[in-house]
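In what follows, a single structure is set out as C-alpha cells and then discussed.
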Number of protein chains: 4
Amino acid sequence: METKIPVVILGATGSVGQKFVELLKDHPWFEIAALCASERSAGKPYKEAANWFQSSELPERIGRMIVQPCDASVVGRLAFSGLDAEVAGPIEQAYAKAGYTVVSNSKNHRHHPDVPLLVPEINASHLELIQGQQFGEGKIITNPNCSTIGLVMALKPLVDAFGVREVSVVTMQALSGGGYPGVSSLDIVDNAVPYIGGEEEKMEKEPLKIFGDLINGQVEPAVMNISATCNRVAVIDGHMECVSVRLGRSASAQQIIEAWEDYRAEPQEMGLPMAPEQPVHYHREDNYPQPRKHRMLDKGMAVSIGRLRPCSILDWKFTLLSHNTIRGAAGGAILNAELMAEMGLL
Amino acid sequence: METKIPVVILGATGSVGQKFVELLKDHPWFEIAALCASERSAGKPYKEAANWFQSSELPERIGRMIVQPCDASVVGRLAFSGLDAEVAGPIEQAYAKAGYTVVSNSKNHRHHPDVPLLVPEINASHLELIQGQQFGEGKIITNPNCSTIGLVMALKPLVDAFGVREVSVVTMQALSGGGYPGVSSLDIVDNAVPYIGGEEEKMEKEPLKIFGDLINGQVEPAVMNISATCNRVAVIDGHMECVSVRLGRSASAQQIIEAWEDYRAEPQEMGLPMAPEQPVHYHREDNYPQPRKHRMLDKGMAVSIGRLRPCSILDWKFTLLSHNTIRGAAGGAILNAELMAEMGLL
Amino acid sequence: METKIPVVILGATGSVGQKFVELLKDHPWFEIAALCASERSAGKPYKEAANWFQSSELPERIGRMIVQPCDASVVGRLAFSGLDAEVAGPIEQAYAKAGYTVVSNSKNHRHHPDVPLLVPEINASHLELIQGQQFGEGKIITNPNCSTIGLVMALKPLVDAFGVREVSVVTMQALSGGGYPGVSSLDIVDNAVPYIGGEEEKMEKEPLKIFGDLINGQVEPAVMNISATCNRVAVIDGHMECVSVRLGRSASAQQIIEAWEDYRAEPQEMGLPMAPEQPVHYHREDNYPQPRKHRMLDKGMAVSIGRLRPCSILDWKFTLLSHNTIRGAAGGAILNAELMAEMGLL
Amino acid sequence: METKIPVVILGATGSVGQKFVELLKDHPWFEIAALCASERSAGKPYKEAANWFQSSELPERIGRMIVQPCDASVVGRLAFSGLDAEVAGPIEQAYAKAGYTVVSNSKNHRHHPDVPLLVPEINASHLELIQGQQFGEGKIITNPNCSTIGLVMALKPLVDAFGVREVSVVTMQALSGGGYPGVSSLDIVDNAVPYIGGEEEKMEKEPLKIFGDLINGQVEPAVMNISATCNRVAVIDGHMECVSVRLGRSASAQQIIEAWEDYRAEPQEMGLPMAPEQPVHYHREDNYPQPRKHRMLDKGMAVSIGRLRPCSILDWKFTLLSHNTIRGAAGGAILNAELMAEMGLL
C-alpha cells in the first residue's frame with residue numbers, strides 16, 4: 001500500500017476510542033484523519049477533550065487535533081466506532097449512508113442479519129454478508145463483546161477438531177471493560193462484584209452467530225449450549241475465564257493442546273499487521289495464565305490458555321485470558337479492517 | 001455453665017491461630033488457658049511471637065501470655081488446632097492421647113474414618129463417629145476446608161428439599177486463605193491467579209463425607225458429582241463461589257430461596273454462641289453478595305447467596321460468599337466445640 | 001436522659017449520610033426521626049434511595065423509612081448534615097432558621113466568624129461563638145475536613161505542652177474521602193494520585209481557627225505555618241499523614257509520647273458515648289500505624305501515631321492515622337452534638 | 001561497535017536480575033553470556049530456576065540457558081550485579097579481582113571511597129575514582145538506591161541553576177522495590193505501610209556523595225540537609241515522592257520548570273542506547289504524575305515531575321515519579337555500563 005487509508009474514529013474520547021488512537025497512531029496502513037466525539041467535546045483539542053488514561057504517551061500531534069462532531073458531514077472511507085451503545089445505532093448508520101465502511105465495536109448492529117459479527121481467525125467468510133446490506137453506499141461490520149472474544153478464540157480450534165456441544169464459563173473481568181470512570185474504586189478495592197449487566201446474555205448468544213454457517217447469504221446460528229456467569233475483579237486489563245466444555249467427540253489433552261497451538265487462519269496467512277503470530281498460546285505452568293503476565297502477549301492480540309484438565313461433569317476444563325481492550329475491542333476491530341483491506345473490501 | 005472451659009490454642013501465632021485468639025478472647029464458655037506454637041516462638045510473649053495482623057486490637061492480657069511449645073505435656077481438656085498441615089498430624093494425635101478433645105482446622109485427619117468432618121448445621125449426627133476413635137483418652141474432630149464450607153452450607157437446604165446430583169463450582173478466593181505472608185503482593189495487585197494447590201481436590205471430596213450417611217458407625221459417602229475450579233483474587237477476606245447445580249427433582253426459584261431462608265439446624269435450636277441466627281441469607285440485589293459488604297454478616301458465620309437463575313446446562317446457577325477465616329476456619333471450629341459442649345461431649 | 005432526642009439526617013443517602021445512619025442506629029441519646037435527601041430520592045424507601053455500601057447491614061426498620069425532602073418544613077431540634085457543599089449552604093441555614101441545631105460536616109460554614117469549627121477534645125470553649133449567631137432560632141456548628149482532624153488531634157497535645165510553630169504534612173488519603181462513586185477504579189488500582197482538589201488549602205487553614213483563641217467572643221486565628229501535600233492511595237478507609245513539626249520549645253521523644261498518651265479532654269471527662277477512651281495512641285512498632293490495622297481503634301474515633309524520630313529540617317517527624325469517615329466526618333459530628341447535649345445546648 | 005560485549009548477570013534469578021535479563025535481551029551493545037545465581041539455582045535451566053514475573057515474555061533462548069554459580073571462575077569482561085546485599089560484597093569483589101568490571105545495583109560498595117556512586121546525567125566525572133581502586137584487575141561501580149535516583153535527577157537541574165540547601169521528601173514506593181515475594185498481599189491490599197527498613201538513611205546519605213565534588217581524586221560530599229520519610233503503597237512499579245526544597249537563591253516557577261525541561265547531560269549527548277531523550281519531564285496537569293501513566297516514559301528512564309508550587313516552610317514543593325526497577329535499578333546500571341563503554345573504560 002503506497003499511501004495510508006485515512007480513518008475517522010467515532011467516540012474518540014472514550015475508553016475504546018482512546019485505545020483506537022493508541023493502536024492507530026503508528027499503524028502501517030491506516031492514518032488518523034479525524035477524531036469525532038459528542039457535542040460536548042467537539043471543538044476542543046483532543047488533549048483537552050479526552051481524559052487520556054492510557055499508560056502510553058499521547059502524541060503531541062494527535063493531542064492538538066480538534067475534535068469533530070459525529071455528523072458524517074465529511075466524505076471519507078473508513079470509520080472505527082467506539083461509540084456508546086446509547087448513541088451508536090443511528091450515528092453508525094449515518095456514516096454508512098455517507099459511504100463509510102464502519103468498523104464498530106458497539107453492540108448495536110451485532111445481531112443484524114446482514115452485519116458480520118467478525119473474528120478474522122474464525123469467520124472471515126461471513127464478510128459475504130455485507131453484500132446484502134442496505135445502509136447506503138457504505139457498510140457496517142462488528143466485532144464481538146470483550147468477554148466473548150477470548151472464549152470463541154479458545155473454542156474455535158476445538159470446534160474444528162472435535163466439535164463443541166456445551167460450554168460453561170465463569171469470568172473474572174477487568175475494570176477497563178467498564179469504561180471510564182466506570183467501576184467505583186469503593187466497589188472493587190478489597191472486593192469483587194458478581195454481576196455485569198447484559199454481559200452473560202452476550203456471551204451466551206454471540207458465539208452462536210460467530211460459529212454459524214453461511215447458507216444462502218444468511219448466517220445459520222450454530223447449535224451450542226452456553227451457560228455464562230460474569231464477575232468483575234480488581235484487575236486493570238485482561239479478562240480471565242474458567243471454561244468447561246463438552247466436546248462432540250472424545251479428545252486427549254495432547255490433542256486439544258495441539259489443536260490450540262497449531263491453529264492458524266487468514267490473519268496469520270495474510271500477515272495482517274495487527275494479527276498475532278500465534279492466535280492461541282497454551283501455558284504449561286500450573287498457575288498460568290495471569291492477567292498482568294500474559295495480557296500483552298503478541299501485542300495483546302493472542303489468547304492465553306492454561307490448566308487443561310478433565311471435568312467430571314462436562315469433558316474438559318481450562319482457563320483462558322485475553323486482553324479486553326485490545327483483542328476484545330479496538331485491536332479486534334482494527335484486525336477486522338485490515339482483513340477487509342487485504343481482501344479489497346475497503 | 002458456671003466456670004469457663006480452659007482451652008489451648010495450637011499454632012496460635014499463625015493466621016488461623018490468631019483468628020482463634022480473636023474469636024475466643026471474650027467467649028462466654030471458653031477461656032484461653034495456653035497459646036502454643038513452634039519452638040521458634042515458644043518462650044516469647046505472644047505479642048512478640050505473633051505478627052498480629054488482625055484489624056482488631058490484641059488484648060494486653062493475651063499479648064503478655066508466654067507462648068508454650070506444642071508438647072501436650074500439660075493436662076487439659078480442649079485444644080483448638082490451627083497448625084500447619086506439615087506438623088498437625090502427630091501433634092494433634094499427641095494431644096488426643098494426652099486426653100484433649102482436639103478441634104482441628106487442619107486437613108490431616110479430615111478423611112480418617114473415625115474422625116467427623118463436622119459442620120454443625122449439616123451433620124451433627126456424625127459426632128457418633130468419635131466413639132470409634134482410638135487416639136487415646138481424647139478425641140479429634142475436624143471442620144472442612146475454607147472453600148468447602150460455603151458450598152456445603154448453600155447445598156444442604158437443597159440436598160434436603162430436592163436432592164443435589166451435580167455441582168459445578170468456580171471460586172474467587174480471598175488472600176487470607178493463603179496464610180501470612182502467603183500470597184505475594186506482586187502476584188495479586190492488578191492480577192488474579194487461576195490456581196490454588198490442592199484446593200480443587202478438597203472441594204470435590206470433602207462434601208461427599210459431610211453429606212454422607214452414618215451407617216453402622218461409619219460414614220457412607222454421598223453420591224454427588226462435583227467439579228471445582230479455584231482462583232485467587234485481590235480480596236482480603238471472603239470466598240466467593242459461582243455454583244451451578246443439577247437437582248434431584250425440579251424446583252422453582254421461590255422454592256429454592258425459601259429452602260435457604262428457612263433453613264435452621266441444631267446450632268440455631270441450641271442457641272450456640274457462635275451460631276448464626278440464620279445460616280443462609282439470600283440477597284435479591286443483582287450485584288450481591290460482595291465480599292466487603294457481606295462477609296461479616298451474622299458475626300461472619302452466615303453464608304450469603306445471590307443471583308439465583310436458571311442454568312442452561314445444569315438446572316440452577318447462583319453465587320455465594322462466606323468468610324473464609326471465620327465460618328471457614330476458626331469460627332467453624334469453635335462452633336464445633338460449642339456443639340460438643342452442649343451435647344455433653346467435652 | 002430519659003427519652004432520646006429525635007434527629008434528622010440531611011443528605012442521608014450519600015456517603016457521609018450513610019455513615020450517620022450507621023453510627024446513629026443504636027445511639028443511646030439520639031434517635032433517627034427523619035432521613036432527608038434530594039428531590040430525586042424523596043418519596044422512596046431509604047433502602048431503594050440509598051446505594052448502601054457500608055459493610056454493616058442496613059437495619060430493616062431504617063431501610064423502610066421514606067426519604068423526605070430537605071425542606072425544613074417539619075419542626076425539630078437536631079439535624080446532622082452530610083450534604084454536598086454545592087447545596088449545604090442555604091439548606092443548613094433554612095434548618096437553623098426553622099429552629100434546628102444543625103451539626104454539619106460540610107465545609108460551607110466552617111469559616112463563618114460565628115460558627116464553631118469544633119473538635120470537642122480541642123476547642124469546646126469555641127461553642128461560645130454560637131451566642132452571636134443570627135441564623136434564626138437555631139444554630140450551626142461544624143467539624144473540620146477529614147484530613148484536618150487527624151492532624152489537629154495529634155498536634156493539640158504538642159501545642160499545649162511545647163507550642164507548635166511549623167508543620168509540614170504529606171497525606172496518603174483513603175478512597176472513601178472522595179464519596180461514592182468518587183475515585184474511579186481505573187485511577188487507583190496499581191496507581192496513586194498526587195492531588196485532591198481543595199484539600200491542601202483546608203489543611204493549611206482550618207487548624208488556625210481550631211487552635212485559635214476566643215477573645216471578646218471572636219476566634220483569633222492561631223499563628224502556625226502549615227505546608228500540606230495531599231495524595232490519594234488505594235485504601236478504603238483511613239487517612240495516613242507524614243508530619244514534621246517545629247516546636248515552640250525543645251522536647252524529648254519521651255515527653256512527646258507522654259503528651260500524646262496522657263492527653264484527655266472534655267469528651268473523656270464527660271464520658272460522651274462517641275468519645276474515644278484515649279484520643280491519641282502511640283504505637284511503638286516500626287511499621288505502625290497502618291490503615292487496615294488501626295483505623296477502627298476505639299470505635300474509629302482515636303488517632304494512631306507512630307514513627308516518632310528527629311527531623312533534620314524541622315524538629316520531629318511522625319506518622320499518624322485516623323478514620324476519615326468516622327472521626328473525620330460522621331463520628332466527629334456526632335461527638336460535637338453529644339458535647340452540646342451534655343452542656344445543655346440542645 | 002562491531003561485536004557485542006558479552007556480559008554476565010549476577011543474581012540473575014532475583015527481581016533485579018530478571019529486569020537485567022529483560023532489558024539486555026535485545027541490547028545493541030551487550031549480549032547475555034552467562035546467568036549466575038545461588039547454588040540452589042545453579043545447574044538448572046533459567047526458566048526453571050527463575051520464577052519469571054515480568055510482564056514481557058521470557059525469550060526461549062534465555063529460558064534454556066543453564067544457570068551458573070557466582071564463582072568468577074570464567075574469564076570475562078563485564079558483570080551486572082543484582083545480588084542481594086547479604087552476599088554481594090565478597091562476590092562482587094571476587095569478580096573484580098578476576099578482571100571484570102562489575103556494574104552493581106547493590107548497596108554494599110556505594111560508599112566505598114574509590115567506588116563511584118554513578119548517575120551518568122549527574123556525575124560522570126566521578127568515574128575518575130576507579131583509578132584508585134585496588135580490587136584487582138577489574139573495577140566496581142554502583143548506582144544509587146531506587147528511591148534516591150528520582151530525587152537526585154529532579155534536584156540536579158536545581159542544584160546547577162540555583163543551588164539546593166534543604167530537602168524534605170516523603171515517598172510512596174512501589175511493591176517491586178521489595179523484591180519477590182517481598183511485601184505480603186495481606187499487608188498492602190486496602191492498606192499502606194509507613195516504613196521501609198534502611199530506606200530513609202539511604203535517601204538522606206546517597207545524594208551527598210552523588211552531588212559531591214571530586215577533589216584530588218576523592219569525592220567531597222555535598223552539603224545538603226535532607227529529611228526523608230518512606231512509605232509503601234499498593235503500586236506495582238514506580239516510586240512517587242513529594243518533595244520540598246530550599247534553594248540557594250530565589251527562582252520563579254518558570255525558571256525551575258525550564259531548568260528541568262532543558263536539562264541534558266553526557267548520556268543524551270552521547271546518544272547512549274538506554275539514555276532517555278529528555279531526562280526530566282514536567283507535567284502541567286494538576287493530578288500528574290501518576291505511576292501507571294508515567295512510569296514507562298522514555299523507556300522507563302525519564303523522571304516525571306508535576307505540581308510545582310510554593311512551600312510556606314521551605315521554598316518550593318513538587319511531586320516526582322520514577323520507575324524503580326528500570327531507572328532505579330537495572331536500567332540505571334545498564335546506562336552506567338553504556339557510559340563506560342562509550343568512554344572506553346570497558
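We name chains A, B, ... following the order of the C-alpha cells; residues begin at 1 in each chain, and ligands are numbered from 1 as shown.
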Which residues in region 106-228 of chain B does DSSP call strand (DSSP E)? List them as a ChimeraX atom specification.
/B:139-142,164-173,213-215,218-220,225-228
May I have the selected residues written with C-alpha atoms, as a CSV table (one decimal), in the first residue's frame?
```csv
chain,number,residue,atom,x,y,z
B,139,LYS,CA,-10.8,-37.2,70.6
B,140,ILE,CA,-10.2,-35.4,67.3
B,141,ILE,CA,-12.8,-33.6,65.3
B,142,THR,CA,-12.3,-31.5,62.2
B,164,VAL,CA,-28.4,-32.5,44.5
B,165,ARG,CA,-26.8,-34.6,41.8
B,166,GLU,CA,-24.2,-32.4,40.1
B,167,VAL,CA,-22.3,-29.4,41.2
B,168,SER,CA,-20.0,-27.2,39.1
B,169,VAL,CA,-18.2,-24.5,41.2
B,170,VAL,CA,-15.7,-21.8,40.3
B,171,THR,CA,-14.2,-19.8,43.2
B,172,MET,CA,-12.7,-16.4,43.7
B,173,GLN,CA,-10.9,-16.8,46.9
B,213,ASP,CA,-25.0,-41.2,55.7
B,214,LEU,CA,-24.0,-42.7,59.0
B,215,ILE,CA,-24.4,-46.4,58.7
B,218,GLN,CA,-19.3,-45.5,59.5
B,219,VAL,CA,-19.9,-42.6,57.1
B,220,GLU,CA,-21.1,-43.8,53.7
B,225,ASN,CA,-20.6,-35.2,41.2
B,226,ILE,CA,-18.6,-32.1,41.9
B,227,SER,CA,-16.3,-30.2,39.5
B,228,ALA,CA,-14.3,-27.4,41.1
```
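The residues of chain C lying at most 9 Å from chain B, with only C-alpha atoms taken into account, are Phe53, Gln54, Ser55, Ser56, Glu57, Val189, Asp190, Arg292, Lys293, His294, Arg295, Met296 and Leu297 of chain C.
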Hey, what does DSSP flag as helix (DSSP H, G or I) within region 74-187 of chain C? Can you give it to me as a tab-separated table (two decimals) with N, CA, C and O atoms, in the first residue's frame?
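Saved file part_22.tsv follows:
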```
chain	number	residue	atom	x	y	z
C	85	ALA	N	-21.33	20.16	49.45
C	85	ALA	CA	-21.05	21.57	49.60
C	85	ALA	C	-21.84	22.42	48.60
C	85	ALA	O	-22.16	23.58	48.87
C	86	GLU	N	-22.21	21.83	47.47
C	86	GLU	CA	-22.93	22.60	46.46
C	86	GLU	C	-24.30	23.07	46.97
C	86	GLU	O	-24.82	24.09	46.53
C	87	VAL	N	-24.88	22.31	47.86
C	87	VAL	CA	-26.23	22.65	48.32
C	87	VAL	C	-26.32	22.91	49.82
C	87	VAL	O	-27.35	23.38	50.32
C	88	ALA	N	-25.26	22.63	50.55
C	88	ALA	CA	-25.37	22.66	52.01
C	88	ALA	C	-25.67	24.05	52.56
C	88	ALA	O	-26.41	24.20	53.54
C	89	GLY	N	-25.11	25.08	51.94
C	89	GLY	CA	-25.23	26.44	52.49
C	89	GLY	C	-26.66	26.85	52.80
C	89	GLY	O	-27.05	26.98	53.98
C	90	PRO	N	-27.49	27.05	51.80
C	90	PRO	CA	-28.86	27.51	52.08
C	90	PRO	C	-29.71	26.50	52.85
C	90	PRO	O	-30.53	26.89	53.67
C	91	ILE	N	-29.51	25.22	52.61
C	91	ILE	CA	-30.33	24.23	53.33
C	91	ILE	C	-30.03	24.26	54.82
C	91	ILE	O	-30.93	24.28	55.66
C	92	GLU	N	-28.75	24.30	55.16
C	92	GLU	CA	-28.41	24.33	56.59
C	92	GLU	C	-28.95	25.61	57.24
C	92	GLU	O	-29.42	25.58	58.38
C	93	GLN	N	-28.86	26.70	56.52
C	93	GLN	CA	-29.38	27.95	57.10
C	93	GLN	C	-30.91	27.87	57.26
C	93	GLN	O	-31.46	28.39	58.24
C	94	ALA	N	-31.58	27.23	56.32
C	94	ALA	CA	-33.03	27.09	56.43
C	94	ALA	C	-33.41	26.27	57.66
C	94	ALA	O	-34.35	26.60	58.39
C	95	TYR	N	-32.66	25.21	57.90
C	95	TYR	CA	-32.95	24.39	59.09
C	95	TYR	C	-32.64	25.17	60.37
C	95	TYR	O	-33.35	25.05	61.37
C	96	ALA	N	-31.57	25.94	60.35
C	96	ALA	CA	-31.25	26.75	61.53
C	96	ALA	C	-32.37	27.77	61.77
C	96	ALA	O	-32.82	27.97	62.90
C	97	LYS	N	-32.79	28.38	60.69
C	97	LYS	CA	-33.87	29.37	60.80
C	97	LYS	C	-35.13	28.72	61.38
C	97	LYS	O	-35.87	29.32	62.16
C	120	PRO	N	-14.25	18.51	69.92
C	120	PRO	CA	-14.51	18.56	71.36
C	120	PRO	C	-13.27	18.38	72.24
C	120	PRO	O	-13.18	18.97	73.31
C	121	GLU	N	-12.31	17.59	71.78
C	121	GLU	CA	-11.10	17.42	72.57
C	121	GLU	C	-10.21	18.66	72.54
C	121	GLU	O	-9.23	18.76	73.28
C	122	ILE	N	-10.46	19.60	71.64
C	122	ILE	CA	-9.53	20.70	71.44
C	122	ILE	C	-10.11	22.06	71.83
C	122	ILE	O	-9.49	22.83	72.56
C	123	ASN	N	-11.29	22.36	71.33
C	123	ASN	CA	-11.77	23.74	71.48
C	123	ASN	C	-13.25	23.80	71.88
C	123	ASN	O	-14.03	24.56	71.28
C	124	ALA	N	-13.61	23.02	72.88
C	124	ALA	CA	-15.01	23.02	73.35
C	124	ALA	C	-15.45	24.44	73.70
C	124	ALA	O	-16.62	24.81	73.53
C	125	SER	N	-14.53	25.24	74.16
C	125	SER	CA	-14.88	26.61	74.55
C	125	SER	C	-15.40	27.44	73.37
C	125	SER	O	-16.12	28.40	73.55
C	126	HIS	N	-15.03	27.05	72.16
C	126	HIS	CA	-15.49	27.80	70.99
C	126	HIS	C	-17.01	27.75	70.81
C	126	HIS	O	-17.56	28.49	70.00
C	127	LEU	N	-17.66	26.85	71.54
C	127	LEU	CA	-19.13	26.81	71.45
C	127	LEU	C	-19.74	28.14	71.85
C	127	LEU	O	-20.88	28.45	71.49
C	128	GLU	N	-18.98	28.92	72.59
C	128	GLU	CA	-19.46	30.24	72.99
C	128	GLU	C	-19.84	31.09	71.77
C	128	GLU	O	-20.68	31.97	71.84
C	129	LEU	N	-19.19	30.80	70.63
C	129	LEU	CA	-19.45	31.56	69.40
C	129	LEU	C	-20.92	31.56	69.00
C	129	LEU	O	-21.41	32.53	68.41
C	130	ILE	N	-21.62	30.48	69.33
C	130	ILE	CA	-22.99	30.38	68.81
C	130	ILE	C	-23.92	31.43	69.39
C	130	ILE	O	-24.99	31.69	68.83
C	131	GLN	N	-23.48	32.02	70.49
C	131	GLN	CA	-24.33	33.08	71.07
C	131	GLN	C	-24.49	34.24	70.10
C	131	GLN	O	-25.48	34.96	70.12
C	132	GLY	N	-23.51	34.43	69.25
C	132	GLY	CA	-23.58	35.55	68.31
C	132	GLY	C	-24.30	35.22	67.02
C	132	GLY	O	-24.45	36.07	66.15
C	146	CYS	N	-11.84	15.94	56.77
C	146	CYS	CA	-11.38	14.63	57.23
C	146	CYS	C	-9.86	14.52	57.32
C	146	CYS	O	-9.34	13.70	58.07
C	147	SER	N	-9.13	15.32	56.56
C	147	SER	CA	-7.67	15.25	56.64
C	147	SER	C	-7.14	16.19	57.72
C	147	SER	O	-6.02	16.02	58.20
C	148	THR	N	-7.94	17.17	58.11
C	148	THR	CA	-7.51	18.10	59.16
C	148	THR	C	-7.58	17.46	60.54
C	148	THR	O	-6.73	17.69	61.40
C	149	ILE	N	-8.61	16.64	60.74
C	149	ILE	CA	-8.91	16.18	62.10
C	149	ILE	C	-7.77	15.37	62.71
C	149	ILE	O	-7.39	15.58	63.87
C	150	GLY	N	-7.18	14.46	61.94
C	150	GLY	CA	-6.08	13.66	62.47
C	150	GLY	C	-4.91	14.54	62.84
C	150	GLY	O	-4.27	14.37	63.89
C	151	LEU	N	-4.65	15.52	61.99
C	151	LEU	CA	-3.53	16.42	62.24
C	151	LEU	C	-3.71	17.23	63.52
C	151	LEU	O	-2.82	17.27	64.38
C	152	VAL	N	-4.89	17.85	63.68
C	152	VAL	CA	-5.07	18.70	64.86
C	152	VAL	C	-5.13	17.87	66.15
C	152	VAL	O	-4.67	18.33	67.20
C	153	MET	N	-5.67	16.66	66.06
C	153	MET	CA	-5.68	15.80	67.25
C	153	MET	C	-4.26	15.44	67.66
C	153	MET	O	-3.96	15.35	68.85
C	154	ALA	N	-3.39	15.20	66.68
C	154	ALA	CA	-2.00	14.86	67.01
C	154	ALA	C	-1.24	16.08	67.49
C	154	ALA	O	-0.32	15.98	68.32
C	155	LEU	N	-1.59	17.25	66.96
C	155	LEU	CA	-0.84	18.47	67.32
C	155	LEU	C	-1.26	19.03	68.68
C	155	LEU	O	-0.45	19.64	69.39
C	156	LYS	N	-2.54	18.86	69.04
C	156	LYS	CA	-3.07	19.52	70.23
C	156	LYS	C	-2.21	19.26	71.49
C	156	LYS	O	-1.83	20.23	72.18
C	157	PRO	N	-1.87	18.00	71.79
C	157	PRO	CA	-1.05	17.80	73.00
C	157	PRO	C	0.30	18.49	72.88
C	157	PRO	O	0.87	18.93	73.90
C	158	LEU	N	0.84	18.61	71.67
C	158	LEU	CA	2.13	19.28	71.49
C	158	LEU	C	1.96	20.79	71.61
C	158	LEU	O	2.82	21.48	72.18
C	159	VAL	N	0.85	21.30	71.09
C	159	VAL	CA	0.57	22.73	71.23
C	159	VAL	C	0.52	23.10	72.70
C	159	VAL	O	1.13	24.08	73.14
C	160	ASP	N	-0.18	22.27	73.49
C	160	ASP	CA	-0.34	22.58	74.91
C	160	ASP	C	0.99	22.49	75.65
C	160	ASP	O	1.29	23.32	76.50
C	161	ALA	N	1.77	21.47	75.33
C	161	ALA	CA	2.96	21.21	76.14
C	161	ALA	C	4.19	21.98	75.66
C	161	ALA	O	5.03	22.38	76.48
C	175	LEU	N	-9.93	6.26	49.88
C	175	LEU	CA	-10.88	6.42	48.79
C	175	LEU	C	-12.24	6.92	49.27
C	175	LEU	O	-12.92	7.68	48.56
C	176	SER	N	-12.66	6.51	50.46
C	176	SER	CA	-13.98	6.90	50.93
C	176	SER	C	-14.07	8.41	51.14
C	176	SER	O	-15.17	8.95	51.16
C	177	GLY	N	-12.93	9.07	51.26
C	177	GLY	CA	-12.93	10.52	51.37
C	177	GLY	C	-13.45	11.20	50.10
C	177	GLY	O	-13.86	12.36	50.14
C	178	GLY	N	-13.43	10.47	49.00
C	178	GLY	CA	-13.91	11.05	47.73
C	178	GLY	C	-15.38	10.80	47.47
C	178	GLY	O	-15.88	11.14	46.40
C	185	SER	N	-11.99	3.30	39.74
C	185	SER	CA	-11.04	2.20	39.98
C	185	SER	C	-9.87	2.26	39.02
C	185	SER	O	-8.75	1.86	39.36
C	186	LEU	N	-10.10	2.76	37.79
C	186	LEU	CA	-9.00	2.83	36.82
C	186	LEU	C	-7.95	3.85	37.22
C	186	LEU	O	-6.84	3.84	36.70
C	187	ASP	N	-8.28	4.74	38.15
C	187	ASP	CA	-7.31	5.72	38.61
C	187	ASP	C	-6.54	5.26	39.84
C	187	ASP	O	-5.63	5.95	40.28
```
Taken to one decimal, the CA of Cys230 (chain D)-CA of Gly198 (chain D) distance is 9.5 Å
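Atom to atom, CA of Glu261 (chain D) and CA of Leu118 (chain D) stand 21.6 Å apart.
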Practice item. For Arg284 (chain D), list every protein, DNA or RNA residue within 10 Å, evaluated using only C-alpha atoms, and leave out those in the same chain fewer than 4 positions away; present the list as a VMD selection string. Key: chain D and resid 257 288 to 289 305 to 308
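Excluding Cys36 (chain C) itself and same-chain residues fewer than 2 positions from it, the residues having an atom within 9 Å of it are Val8, Ile9, Leu10, Gly11, Ala12, Thr13, Ala34, Ser38, Ser41, Ala42, Ile66, Val67, Gln68, Pro69, Cys70 and Asp71 of chain C, counting only C-alpha atoms.
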Emit the selected residues as a PDB file, in the first residue's frame, including C-alpha atoms.
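The result, written out as selection21.pdb:
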```pdb
ATOM      1  CA  VAL C   8     -32.896  14.458  61.230  1.00  0.00           C
ATOM      2  CA  ILE C   9     -30.149  13.410  58.814  1.00  0.00           C
ATOM      3  CA  LEU C  10     -29.674  15.747  55.859  1.00  0.00           C
ATOM      4  CA  GLY C  11     -28.066  14.233  52.781  1.00  0.00           C
ATOM      5  CA  ALA C  12     -28.882  10.815  54.214  1.00  0.00           C
ATOM      6  CA  THR C  13     -28.260   8.804  51.061  1.00  0.00           C
ATOM      7  CA  ALA C  34     -36.200  11.507  59.528  1.00  0.00           C
ATOM      8  CA  SER C  38     -32.555  15.427  47.283  1.00  0.00           C
ATOM      9  CA  SER C  41     -34.590  10.414  46.428  1.00  0.00           C
ATOM     10  CA  ALA C  42     -37.518  11.908  48.299  1.00  0.00           C
ATOM     11  CA  ILE C  66     -39.468   7.058  53.427  1.00  0.00           C
ATOM     12  CA  VAL C  67     -36.882   9.645  52.413  1.00  0.00           C
ATOM     13  CA  GLN C  68     -38.048  13.232  52.928  1.00  0.00           C
ATOM     14  CA  PRO C  69     -37.049  16.356  51.036  1.00  0.00           C
ATOM     15  CA  CYS C  70     -34.643  18.759  52.787  1.00  0.00           C
ATOM     16  CA  ASP C  71     -37.236  21.497  53.162  1.00  0.00           C
TER      17      ASP C  71
END
```
note - CA of Leu117 (chain C) and CA of Glu206 (chain C) are separated by 8.0 Å
Give me the residues within 10 Å of Leu272 (chain D) as a PyMOL selection string, counting only C-alpha atoms and dropping any in the same chain fewer than 6 places off.
chain D and resi 29+266+334-339+341-342
Among B:Asn287, B:Ala33, B:Cys311, B:Phe162, Gln255 (chain B) is approached most closely, using only C-alpha atoms, by B:Phe162
* Asked: Near Ile62 (chain D), within 10 Å and counting only C-alpha atoms, which residues show up once chain neighbours fewer than 5 positions away are dropped, as a list of chain:residue names?
  -> D:Val21, D:Glu22, D:Lys25, D:Ile32, D:Ala33, D:Ala34, D:Leu35, D:Pro45, D:Tyr46, D:Lys47
